[in-house]
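Encoded as structure tokens, the structure appears first; notes follow it.
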Amino acid sequence: MRNLVPLGSRRWRLPMAQDPDAAPGGLETVVGSCYDAQTRVVYVVTSACNLYGIHIGKDSGGGDASRPFLRMSLLVGGGGDGALADEEPALPARSVVVGVEYIAELRGVCIAAASGELILVAPDPDDDHATTTARGAATVGEAGAKIPAGAVGPECIPECVGAVPSGIRAMRWNPDGEILLVATGDGQLVCMNKDFFVLAEAPLGASGERVGTAAASLSWRGDGAYAASLTLEVGDAEPRLRVW
């Protein structure tokens, strides 16, 4: 489109942590990201189920003043002593992340795991204290700013807000952040509101039956009036596109 022009570009490097499931010496990799335009924060999720947050900014001279403020593992609870010690992990075991979106209505990052968990994290980028549940520091930006070790506040504990026993293949929020669509592992399309209450369900299979879904992708029209699903059902050689 002719009216789309780049306003600028930035480059950051997050030193990845060791990935225990990778080859010896292997590092975690980025599997998903999202952007909060209001607070100018980029969120990144890695293969080791870590969540990073980078606050984008410029100094008075126009140089890069990006400030990392978050490094968190989704696999741990509150930990340590005090009121947060008994918090259960949002993600009980490592899983593939199939969806990451920032939802302005919830002021948080919604993460979907293939094992079926829907996780909500609501960090505060204006907090002057770095927030982390992962050991060590991350470096970001041209100036090499670091994310130091810190304490996790109760408002930033990752919360499992729902679980799908058959697993999740895809997740997509509508443009205004009010409706969530989830494609499940047993071939259902589930529609929820922003409070994660189920509004409707329908089978993704062409015959109207529940058929296992090997892979899926979801998309909304810009006005939120229609949605589309692209699914590869178990036993099929070609994907199926449907409009809802």
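Lettering and numbering for the structure tokens are positional, with chains as A, B, ... in the shown order, residues counted from 1 in each chain, and ligands counted from 1 in the shown order.
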Select from range 15-60 of chain A every residue with an atom at most 7 Å from any atom of range 94-116 of chain A, then for each give the shortest pair of atoms and their distance in Å to one decimal, using only C-alpha atoms, rows by chain and rising number, as a tab-separated table.
residue	atom	partner	partner_atom	distance
A:Gly32	CA	A:Val100	CA	6.0
A:Ser33	CA	A:Val100	CA	6.1
A:Cys34	CA	A:Glu101	CA	5.4
A:Tyr35	CA	A:Tyr102	CA	6.3
A:Asp36	CA	A:Tyr102	CA	6.1
A:Ser47	CA	A:Val96	CA	6.9
A:Cys49	CA	A:Arg94	CA	6.8
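If you look at CA of Ser166 in chain A and CA of Glu117 in chain A, they are 10.3 Å away from each other.
Considering the residues A:Arg169, A:Arg221, A:Arg13, A:Arg71 and counting only C-alpha atoms, Asp186 in chain A has its shortest atom-to-atom contact with A:Arg169.
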Nearest candidate to Ala183 in chain A (options A:Ala200, A:Trp12, A:Cys160, A:Thr231; using only C-alpha atoms): A:Thr231
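The space separating CA of Leu241 in chain A from CA of Cys191 in chain A comes to 17.7 Å.
CA of Gly8 in chain A is positioned 16.9 Å from CA of Thr39 in chain A.
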Using only C-alpha atoms, determine which residues lie at most 7 Å from Val30 in chain A, disregarding the query and same-chain residues fewer than 4 positions distant; provide the list as a PyMOL selection string. chain A and resi 44-47
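Among the candidate residues A:Arg67, A:Lys194, A:His55, A:Arg40, the one lying nearest to Leu120 in chain A is A:Lys194, with distances computed using only C-alpha atoms.
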